[in-house]
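Listing of query20.pdb; format and content: PDB, C-alpha atoms, pLDDT in the B column.
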ATOM      1  CA  MET A   1      14.254  -6.051  90.820  1.00 54.00           C
ATOM      2  CA  ARG A   2      17.577  -4.228  90.991  1.00 59.00           C
ATOM      3  CA  ALA A   3      18.234  -5.346  94.551  1.00 69.00           C
ATOM      4  CA  LYS A   4      17.325  -8.902  93.545  1.00 79.00           C
ATOM      5  CA  LEU A   5      20.062  -8.881  90.899  1.00 81.00           C
ATOM      6  CA  GLU A   6      22.622  -7.957  93.534  1.00 81.00           C
ATOM      7  CA  VAL A   7      21.357 -10.713  95.833  1.00 85.00           C
ATOM      8  CA  LEU A   8      21.516 -13.137  92.885  1.00 88.00           C
ATOM      9  CA  ALA A   9      25.122 -12.108  92.284  1.00 87.00           C
ATOM     10  CA  LEU A  10      25.970 -12.821  95.933  1.00 89.00           C
ATOM     11  CA  VAL A  11      24.305 -16.250  95.746  1.00 91.00           C
ATOM     12  CA  LEU A  12      26.104 -17.106  92.505  1.00 93.00           C
ATOM     13  CA  GLY A  13      29.365 -15.896  94.007  1.00 92.00           C
ATOM     14  CA  PHE A  14      28.911 -18.205  96.987  1.00 94.00           C
ATOM     15  CA  ILE A  15      28.153 -21.113  94.636  1.00 95.00           C
ATOM     16  CA  GLY A  16      31.295 -20.205  92.702  1.00 94.00           C
ATOM     17  CA  LEU A  17      33.312 -20.305  95.912  1.00 95.00           C
ATOM     18  CA  VAL A  18      31.981 -23.764  96.792  1.00 96.00           C
ATOM     19  CA  GLY A  19      32.654 -24.995  93.266  1.00 95.00           C
ATOM     20  CA  THR A  20      36.204 -23.641  93.270  1.00 96.00           C
ATOM     21  CA  ILE A  21      36.987 -25.275  96.601  1.00 95.00           C
ATOM     22  CA  ALA A  22      35.432 -28.569  95.458  1.00 95.00           C
ATOM     23  CA  ALA A  23      37.367 -28.614  92.190  1.00 94.00           C
ATOM     24  CA  THR A  24      40.607 -27.849  94.028  1.00 94.00           C
ATOM     25  CA  ALA A  25      40.113 -30.475  96.723  1.00 93.00           C
ATOM     26  CA  LEU A  26      38.758 -33.385  94.643  1.00 92.00           C
ATOM     27  CA  PRO A  27      41.356 -35.962  93.515  1.00 91.00           C
ATOM     28  CA  THR A  28      39.499 -36.659  90.261  1.00 91.00           C
ATOM     29  CA  TRP A  29      41.374 -34.361  87.895  1.00 93.00           C
ATOM     30  CA  LYS A  30      42.793 -37.308  85.986  1.00 90.00           C
ATOM     31  CA  VAL A  31      40.996 -40.659  85.967  1.00 89.00           C
ATOM     32  CA  THR A  32      42.394 -43.801  84.396  1.00 82.00           C
ATOM     33  CA  ALA A  33      41.263 -47.398  84.120  1.00 61.00           C
ATOM     34  CA  PHE A  34      44.151 -48.478  81.896  1.00 58.00           C
ATOM     35  CA  ILE A  35      46.715 -50.925  83.222  1.00 51.00           C
ATOM     36  CA  GLY A  36      49.141 -51.914  80.505  1.00 52.00           C
ATOM     37  CA  ALA A  37      47.249 -52.834  77.350  1.00 54.00           C
ATOM     38  CA  ASN A  38      44.135 -53.989  79.230  1.00 53.00           C
ATOM     39  CA  LEU A  39      41.111 -52.058  80.361  1.00 52.00           C
ATOM     40  CA  ILE A  40      40.460 -52.874  84.021  1.00 53.00           C
ATOM     41  CA  VAL A  41      36.916 -51.915  85.015  1.00 58.00           C
ATOM     42  CA  MET A  42      37.309 -53.139  88.594  1.00 65.00           C
ATOM     43  CA  GLU A  43      39.910 -50.525  89.455  1.00 73.00           C
ATOM     44  CA  GLU A  44      40.286 -46.807  88.839  1.00 79.00           C
ATOM     45  CA  LEU A  45      43.292 -44.601  89.464  1.00 85.00           C
ATOM     46  CA  TRP A  46      42.619 -40.981  90.369  1.00 88.00           C
ATOM     47  CA  GLU A  47      45.070 -38.114  90.297  1.00 89.00           C
ATOM     48  CA  GLY A  48      44.357 -34.751  91.860  1.00 90.00           C
ATOM     49  CA  LEU A  49      46.232 -31.638  92.886  1.00 91.00           C
ATOM     50  CA  TRP A  50      47.035 -32.926  96.359  1.00 92.00           C
ATOM     51  CA  MET A  51      46.812 -36.718  96.288  1.00 91.00           C
ATOM     52  CA  ASN A  52      46.236 -39.812  94.165  1.00 88.00           C
ATOM     53  CA  CYS A  53      43.714 -42.519  94.964  1.00 88.00           C
ATOM     54  CA  ILE A  54      42.979 -46.106  93.986  1.00 85.00           C
ATOM     55  CA  ASP A  55      39.300 -47.036  93.852  1.00 76.00           C
ATOM     56  CA  GLN A  56      38.842 -50.803  93.795  1.00 75.00           C
ATOM     57  CA  ALA A  57      35.533 -52.651  93.764  1.00 68.00           C
ATOM     58  CA  ASP A  58      34.526 -54.115  97.155  1.00 67.00           C
ATOM     59  CA  ILE A  59      37.668 -52.569  98.700  1.00 73.00           C
ATOM     60  CA  LYS A  60      37.991 -49.349 100.632  1.00 76.00           C
ATOM     61  CA  MET A  61      39.440 -46.494  98.602  1.00 79.00           C
ATOM     62  CA  GLN A  62      43.079 -45.777  99.332  1.00 85.00           C
ATOM     63  CA  CYS A  63      44.531 -42.283  98.911  1.00 86.00           C
ATOM     64  CA  LYS A  64      48.052 -41.001  99.336  1.00 88.00           C
ATOM     65  CA  VAL A  65      49.213 -37.402  99.546  1.00 89.00           C
ATOM     66  CA  TYR A  66      52.019 -36.502  97.181  1.00 87.00           C
ATOM     67  CA  ASP A  67      55.402 -36.622  98.851  1.00 83.00           C
ATOM     68  CA  SER A  68      56.692 -33.678  96.824  1.00 81.00           C
ATOM     69  CA  LEU A  69      55.333 -31.049  94.467  1.00 80.00           C
ATOM     70  CA  LEU A  70      58.128 -31.846  92.012  1.00 80.00           C
ATOM     71  CA  ILE A  71      56.690 -35.256  91.145  1.00 82.00           C
ATOM     72  CA  LEU A  72      53.594 -33.624  89.657  1.00 84.00           C
ATOM     73  CA  PRO A  73      53.378 -32.813  85.935  1.00 87.00           C
ATOM     74  CA  ALA A  74      53.807 -29.153  85.014  1.00 88.00           C
ATOM     75  CA  GLU A  75      50.088 -28.615  84.353  1.00 89.00           C
ATOM     76  CA  LEU A  76      49.109 -29.938  87.802  1.00 91.00           C
ATOM     77  CA  GLN A  77      51.770 -27.830  89.515  1.00 90.00           C
ATOM     78  CA  ALA A  78      50.443 -24.703  87.809  1.00 92.00           C
ATOM     79  CA  ALA A  79      46.836 -25.759  88.473  1.00 93.00           C
ATOM     80  CA  ARG A  80      47.498 -26.080  92.199  1.00 92.00           C
ATOM     81  CA  GLY A  81      48.771 -22.516  92.475  1.00 92.00           C
ATOM     82  CA  LEU A  82      46.137 -20.980  90.205  1.00 95.00           C
ATOM     83  CA  MET A  83      43.228 -22.757  91.897  1.00 95.00           C
ATOM     84  CA  CYS A  84      44.378 -21.642  95.342  1.00 94.00           C
ATOM     85  CA  PHE A  85      44.667 -18.105  93.974  1.00 95.00           C
ATOM     86  CA  SER A  86      41.124 -18.431  92.571  1.00 95.00           C
ATOM     87  CA  ILE A  87      39.744 -19.348  95.986  1.00 95.00           C
ATOM     88  CA  VAL A  88      41.348 -16.259  97.525  1.00 95.00           C
ATOM     89  CA  LEU A  89      40.004 -14.085  94.701  1.00 94.00           C
ATOM     90  CA  VAL A  90      36.440 -15.369  95.074  1.00 95.00           C
ATOM     91  CA  VAL A  91      36.515 -14.783  98.843  1.00 95.00           C
ATOM     92  CA  ILE A  92      37.705 -11.203  98.303  1.00 94.00           C
ATOM     93  CA  SER A  93      35.107 -10.732  95.540  1.00 92.00           C
ATOM     94  CA  LEU A  94      32.312 -11.854  97.858  1.00 91.00           C
ATOM     95  CA  PHE A  95      33.420  -9.431 100.569  1.00 90.00           C
ATOM     96  CA  VAL A  96      33.838  -6.505  98.149  1.00 88.00           C
ATOM     97  CA  THR A  97      30.497  -7.191  96.458  1.00 87.00           C
ATOM     98  CA  GLY A  98      28.735  -7.325  99.806  1.00 83.00           C
ATOM     99  CA  CYS A  99      30.121  -3.881 100.628  1.00 82.00           C
ATOM    100  CA  GLY A 100      28.966  -2.492  97.272  1.00 73.00           C
ATOM    101  CA  THR A 101      25.306  -3.517  97.476  1.00 72.00           C
ATOM    102  CA  GLN A 102      22.674  -0.829  98.009  1.00 63.00           C
ATOM    103  CA  LYS A 103      21.567  -2.228 101.364  1.00 64.00           C
ATOM    104  CA  SER A 104      25.112  -2.406 102.708  1.00 60.00           C
ATOM    105  CA  GLU A 105      26.252   0.073 105.365  1.00 63.00           C
ATOM    106  CA  CYS A 106      29.975  -0.231 104.566  1.00 67.00           C
ATOM    107  CA  CYS A 107      30.191   3.035 102.604  1.00 61.00           C
ATOM    108  CA  GLY A 108      27.320   4.790 104.358  1.00 60.00           C
ATOM    109  CA  ASP A 109      25.300   6.998 102.030  1.00 62.00           C
ATOM    110  CA  ASN A 110      28.179   7.532  99.601  1.00 65.00           C
ATOM    111  CA  VAL A 111      26.632   6.212  96.385  1.00 66.00           C
ATOM    112  CA  LYS A 112      29.748   6.841  94.311  1.00 77.00           C
ATOM    113  CA  SER A 113      31.945   4.732  96.608  1.00 77.00           C
ATOM    114  CA  LYS A 114      29.400   1.899  96.554  1.00 78.00           C
ATOM    115  CA  ASN A 115      29.312   1.958  92.761  1.00 80.00           C
ATOM    116  CA  ILE A 116      33.105   1.793  92.527  1.00 84.00           C
ATOM    117  CA  THR A 117      33.145  -1.047  95.056  1.00 84.00           C
ATOM    118  CA  LEU A 118      30.543  -2.954  93.043  1.00 85.00           C
ATOM    119  CA  ALA A 119      32.572  -2.525  89.845  1.00 87.00           C
ATOM    120  CA  LEU A 120      35.694  -3.734  91.652  1.00 90.00           C
ATOM    121  CA  GLY A 121      33.836  -6.840  92.847  1.00 89.00           C
ATOM    122  CA  GLY A 122      32.648  -7.603  89.306  1.00 90.00           C
ATOM    123  CA  SER A 123      36.169  -7.213  87.924  1.00 92.00           C
ATOM    124  CA  LEU A 124      37.563  -9.572  90.568  1.00 94.00           C
ATOM    125  CA  TYR A 125      34.942 -12.168  89.645  1.00 94.00           C
ATOM    126  CA  LEU A 126      36.006 -11.986  85.997  1.00 95.00           C
ATOM    127  CA  LEU A 127      39.638 -12.398  87.040  1.00 95.00           C
ATOM    128  CA  SER A 128      38.759 -15.406  89.212  1.00 95.00           C
ATOM    129  CA  CYS A 129      36.925 -16.876  86.215  1.00 95.00           C
ATOM    130  CA  LEU A 130      40.153 -16.733  84.218  1.00 95.00           C
ATOM    131  CA  THR A 131      42.310 -18.168  87.000  1.00 95.00           C
ATOM    132  CA  THR A 132      39.851 -21.071  87.294  1.00 95.00           C
ATOM    133  CA  LEU A 133      39.328 -21.663  83.570  1.00 95.00           C
ATOM    134  CA  ILE A 134      43.008 -21.632  82.597  1.00 95.00           C
ATOM    135  CA  PRO A 135      44.254 -24.534  84.792  1.00 95.00           C
ATOM    136  CA  VAL A 136      41.158 -26.669  84.174  1.00 95.00           C
ATOM    137  CA  SER A 137      41.385 -26.205  80.400  1.00 95.00           C
ATOM    138  CA  TRP A 138      45.153 -26.768  80.442  1.00 94.00           C
ATOM    139  CA  VAL A 139      44.822 -30.094  82.242  1.00 94.00           C
ATOM    140  CA  GLY A 140      41.865 -31.134  80.070  1.00 93.00           C
ATOM    141  CA  ASN A 141      43.750 -30.312  76.872  1.00 94.00           C
ATOM    142  CA  THR A 142      46.771 -32.327  78.070  1.00 92.00           C
ATOM    143  CA  ILE A 143      44.574 -35.336  78.873  1.00 91.00           C
ATOM    144  CA  ILE A 144      42.848 -35.287  75.474  1.00 91.00           C
ATOM    145  CA  ARG A 145      46.089 -34.768  73.576  1.00 91.00           C
ATOM    146  CA  ASN A 146      47.850 -37.650  75.339  1.00 88.00           C
ATOM    147  CA  PHE A 147      44.814 -39.920  75.007  1.00 85.00           C
ATOM    148  CA  TYR A 148      44.905 -39.745  71.212  1.00 87.00           C
ATOM    149  CA  ASN A 149      48.699 -39.798  70.988  1.00 85.00           C
ATOM    150  CA  PRO A 150      49.821 -43.290  69.862  1.00 84.00           C
ATOM    151  CA  ALA A 151      53.293 -42.681  71.264  1.00 86.00           C
ATOM    152  CA  VAL A 152      51.908 -42.471  74.839  1.00 81.00           C
ATOM    153  CA  PRO A 153      51.622 -45.883  76.562  1.00 79.00           C
ATOM    154  CA  ASP A 154      48.158 -46.974  77.665  1.00 74.00           C
ATOM    155  CA  SER A 155      49.279 -46.936  81.286  1.00 72.00           C
ATOM    156  CA  GLN A 156      49.878 -43.182  81.045  1.00 78.00           C
ATOM    157  CA  LYS A 157      46.625 -42.288  79.317  1.00 82.00           C
ATOM    158  CA  HIS A 158      43.872 -40.667  81.341  1.00 86.00           C
ATOM    159  CA  GLU A 159      40.281 -39.577  81.045  1.00 88.00           C
ATOM    160  CA  LEU A 160      38.623 -36.325  82.088  1.00 90.00           C
ATOM    161  CA  GLY A 161      37.723 -36.416  85.779  1.00 90.00           C
ATOM    162  CA  SER A 162      34.688 -34.907  87.474  1.00 92.00           C
ATOM    163  CA  ALA A 163      36.806 -32.148  89.049  1.00 94.00           C
ATOM    164  CA  LEU A 164      37.451 -30.696  85.594  1.00 95.00           C
ATOM    165  CA  PHE A 165      33.738 -30.501  84.782  1.00 95.00           C
ATOM    166  CA  ILE A 166      33.087 -28.837  88.140  1.00 96.00           C
ATOM    167  CA  GLY A 167      35.854 -26.356  87.354  1.00 95.00           C
ATOM    168  CA  TRP A 168      34.388 -25.515  83.935  1.00 96.00           C
ATOM    169  CA  ALA A 169      30.916 -25.041  85.406  1.00 96.00           C
ATOM    170  CA  THR A 170      32.331 -22.901  88.204  1.00 96.00           C
ATOM    171  CA  SER A 171      34.210 -20.649  85.792  1.00 95.00           C
ATOM    172  CA  GLY A 172      30.937 -20.107  83.897  1.00 95.00           C
ATOM    173  CA  ILE A 173      29.152 -19.147  87.122  1.00 95.00           C
ATOM    174  CA  LEU A 174      31.934 -16.704  88.026  1.00 95.00           C
ATOM    175  CA  LEU A 175      31.730 -15.167  84.538  1.00 95.00           C
ATOM    176  CA  ILE A 176      27.963 -14.647  84.838  1.00 94.00           C
ATOM    177  CA  THR A 177      28.393 -13.141  88.303  1.00 93.00           C
ATOM    178  CA  GLY A 178      30.986 -10.642  87.086  1.00 92.00           C
ATOM    179  CA  ILE A 179      28.818  -9.616  84.125  1.00 93.00           C
ATOM    180  CA  ILE A 180      25.766  -9.078  86.370  1.00 90.00           C
ATOM    181  CA  LEU A 181      27.752  -6.835  88.721  1.00 89.00           C
ATOM    182  CA  LEU A 182      29.266  -4.758  85.924  1.00 89.00           C
ATOM    183  CA  VAL A 183      25.829  -4.306  84.318  1.00 88.00           C
ATOM    184  CA  ARG A 184      24.439  -3.175  87.671  1.00 85.00           C
ATOM    185  CA  TYR A 185      27.374  -0.776  88.026  1.00 82.00           C
ATOM    186  CA  SER A 186      26.704   0.790  84.627  1.00 83.00           C
ATOM    187  CA  LYS A 187      23.011   1.284  85.416  1.00 80.00           C
ATOM    188  CA  ARG A 188      23.721   2.727  88.855  1.00 72.00           C
ATOM    189  CA  ARG A 189      26.365   5.005  87.349  1.00 71.00           C
ATOM    190  CA  SER A 190      23.900   6.365  84.786  1.00 68.00           C
ATOM    191  CA  LYS A 191      21.361   7.033  87.558  1.00 62.00           C
ATOM    192  CA  GLU A 192      24.052   8.714  89.592  1.00 54.00           C
ATOM    193  CA  GLU A 193      24.782  11.131  86.745  1.00 50.00           C
ATOM    194  CA  GLU A 194      21.084  11.693  85.915  1.00 48.00           C
ATOM    195  CA  PRO A 195      20.488  14.487  88.503  1.00 49.00           C
ATOM    196  CA  TYR A 196      23.543  16.348  87.215  1.00 45.00           C
ATOM    197  CA  ASN A 197      22.296  16.029  83.641  1.00 45.00           C
ATOM    198  CA  ILE A 198      18.872  17.338  84.657  1.00 45.00           C
ATOM    199  CA  ALA A 199      20.430  20.220  86.565  1.00 45.00           C
ATOM    200  CA  TYR A 200      22.632  21.038  83.581  1.00 43.00           C
ATOM    201  CA  ALA A 201      19.622  20.999  81.232  1.00 48.00           C
ATOM    202  CA  MET A 202      17.638  23.282  83.552  1.00 55.00           C
ATOM    203  CA  ALA A 203      20.571  25.654  83.825  1.00 52.00           C
ATOM    204  CA  GLN A 204      20.863  25.803  80.044  1.00 55.00           C
ATOM    205  CA  ARG A 205      17.123  26.448  79.756  1.00 59.00           C
ATOM    206  CA  ASP A 206      17.273  29.289  82.305  1.00 57.00           C
ATOM    207  CA  LEU A 207      20.260  30.759  80.483  1.00 57.00           C
ATOM    208  CA  LYS A 208      18.364  30.730  77.204  1.00 59.00           C
ATOM    209  CA  LYS A 209      15.377  32.416  78.885  1.00 58.00           C
ATOM    210  CA  GLN A 210      17.639  35.129  80.276  1.00 59.00           C
ATOM    211  CA  ASP A 211      19.208  35.662  76.848  1.00 56.00           C
ATOM    212  CA  SER A 212      15.799  35.937  75.193  1.00 57.00           C
ATOM    213  CA  VAL A 213      14.590  38.424  77.834  1.00 51.00           C
ATOM    214  CA  TYR A 214      17.764  40.466  77.444  1.00 49.00           C
ATOM    215  CA  THR A 215      17.394  40.455  73.651  1.00 56.00           C
ATOM    216  CA  ALA A 216      13.760  41.551  73.886  1.00 52.00           C
ATOM    217  CA  ARG A 217      14.639  44.369  76.284  1.00 56.00           C
ATOM    218  CA  THR A 218      17.461  45.539  74.072  1.00 56.00           C
ATOM    219  CA  ALA A 219      15.242  45.561  70.986  1.00 51.00           C
ATOM    220  CA  SER A 220      12.535  47.485  72.870  1.00 56.00           C
ATOM    221  CA  SER A 221      15.032  50.050  74.060  1.00 57.00           C
ATOM    222  CA  VAL A 222      16.350  50.592  70.539  1.00 46.00           C
ATOM    223  CA  HIS A 223      12.813  50.957  69.174  1.00 51.00           C
ATOM    224  CA  ASN A 224      11.853  53.509  71.822  1.00 53.00           C
ATOM    225  CA  HIS A 225      15.029  55.444  71.117  1.00 48.00           C
ATOM    226  CA  HIS A 226      14.193  55.666  67.416  1.00 50.00           C
ATOM    227  CA  GLU A 227      10.676  56.887  68.180  1.00 53.00           C
ATOM    228  CA  TYR A 228      12.013  59.527  70.462  1.00 49.00           C
ATOM    229  CA  VAL A 229      14.398  60.778  67.840  1.00 51.00           C
TER     230      VAL A 229
END
Translate this file's structure into structure tokens.
Amino acid sequence: MRAKLEVLALVLGFIGLVGTIAATALPTWKVTAFIGANLIVMEELWEGLWMNCIDQADIKMQCKVYDSLLILPAELQAARGLMCFSIVLVVISLFVTGCGTQKSECCGDNVKSKNITLALGGSLYLLSCLTTLIPVSWVGNTIIRNFYNPAVPDSQKHELGSALFIGWATSGILLITGIILLVRYSKRRSKEEEPYNIAYAMAQRDLKKQDSVYTARTASSVHNHHEYV
């Protein structure tokens, strides 16, 4: 059961990596069907971290890579950097977690090093959860705020794209993965200290036995001395 939890964490971590890459690559961060004051259902405009696309009915989708990073809004500029950082973090987390599993041969038979490695992997997963959740929530909050702002023209209003929902789901998976690894670390740490606790208890018990034997011998010696006198 314990080994299965570690395997589950590796599987969830891999799913988190795929989800992070998908959310970063998809151009559907911002989706709009507003052109002027009219709602055009035959055409959708997509905006992502790397390109924007026009999806027209019965026409092949056309995408164009951004000519410069400076033309992006501040939230998309920050999201691009944070999402790339998240991908790197999840890759490192997967590698570190793999080294910290019980069946891994990275640390040999050193249980303490494996436990520390497992805790490090769990902490990195939690950090990657934050670096994924922050940009997705920032962009989503900006979209919702502008959508209900009457001062923003209809042509600049957007809707939540599928990439944002993938990002939110991925951050949840990364959070669960980090929690599983830290729980496993705490249980393995307690088992690691259990032999020392048992040895300490046995040592205390032997010490008490020695004290009781010494006390009994001392009392017997005093009694014999009084009888002799």
Handout entry: Between CA of Met61 (chain A) and CA of Thr32 (chain A), distance in Å (one decimal)
Key =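 Result for CA of Met61 (chain A) versus CA of Thr32 (chain A): 14.8 Å, one decimal.
CA of Asp67 (chain A) sits 20.7 Å away from CA of Val139 (chain A).
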Since I can't run it myself right now, could you work out what the PyMOL selection byres ((chain A and resi 116) around 12) selects here and report it as a compact mmCIF listing (two decimals) with C-alpha atoms, in the coordinates of the input?
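Written file, expr-v8.txt:
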# COMPACT_ATOMS: atom_id res chain seq x y z
CA VAL A 96 33.84 -6.50 98.15
CA THR A 97 30.50 -7.19 96.46
CA CYS A 99 30.12 -3.88 100.63
CA GLY A 100 28.97 -2.49 97.27
CA THR A 101 25.31 -3.52 97.48
CA CYS A 107 30.19 3.04 102.60
CA ASN A 110 28.18 7.53 99.60
CA VAL A 111 26.63 6.21 96.38
CA LYS A 112 29.75 6.84 94.31
CA SER A 113 31.94 4.73 96.61
CA LYS A 114 29.40 1.90 96.55
CA ASN A 115 29.31 1.96 92.76
CA THR A 117 33.15 -1.05 95.06
CA LEU A 118 30.54 -2.95 93.04
CA ALA A 119 32.57 -2.52 89.84
CA LEU A 120 35.69 -3.73 91.65
CA GLY A 121 33.84 -6.84 92.85
CA GLY A 122 32.65 -7.60 89.31
CA SER A 123 36.17 -7.21 87.92
CA LEU A 181 27.75 -6.84 88.72
CA LEU A 182 29.27 -4.76 85.92
CA ARG A 184 24.44 -3.18 87.67
CA TYR A 185 27.37 -0.78 88.03
CA SER A 186 26.70 0.79 84.63
CA ARG A 188 23.72 2.73 88.86
CA ARG A 189 26.36 5.00 87.35
CA GLU A 192 24.05 8.71 89.59
Completion exercise
A straight line from CA of Leu10 (chain A) to CA of Val91 (chain A) spans 11.1 Å
Practice task
Can you work out which one of A:Leu160, A:Val18, A:Leu45, A:Ala79 has the shortest atom-to-atom distance to Cys63 (chain A), counting only C-alpha atoms?
Solution key: A:Leu45
Problem - Residue among A:Val90, A:Leu8, A:Val152, A:Leu49 lying closest to Ser68 (chain A), counting only C-alpha atoms - result: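 Nearest candidate to Ser68 (chain A) out of A:Val90, A:Leu8, A:Val152, A:Leu49: A:Leu49.
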Exercise for the section: With a distance cut-off of 8 Å and all atoms listed in the file, select the neighbouring residues of Asn146 (chain A), excluding the residue or stretch itself and same-chain residues fewer than 3 positions from it, and output the selection as a PyMOL selection string. Expected result: chain A and resi 142-143+149+152+157-158
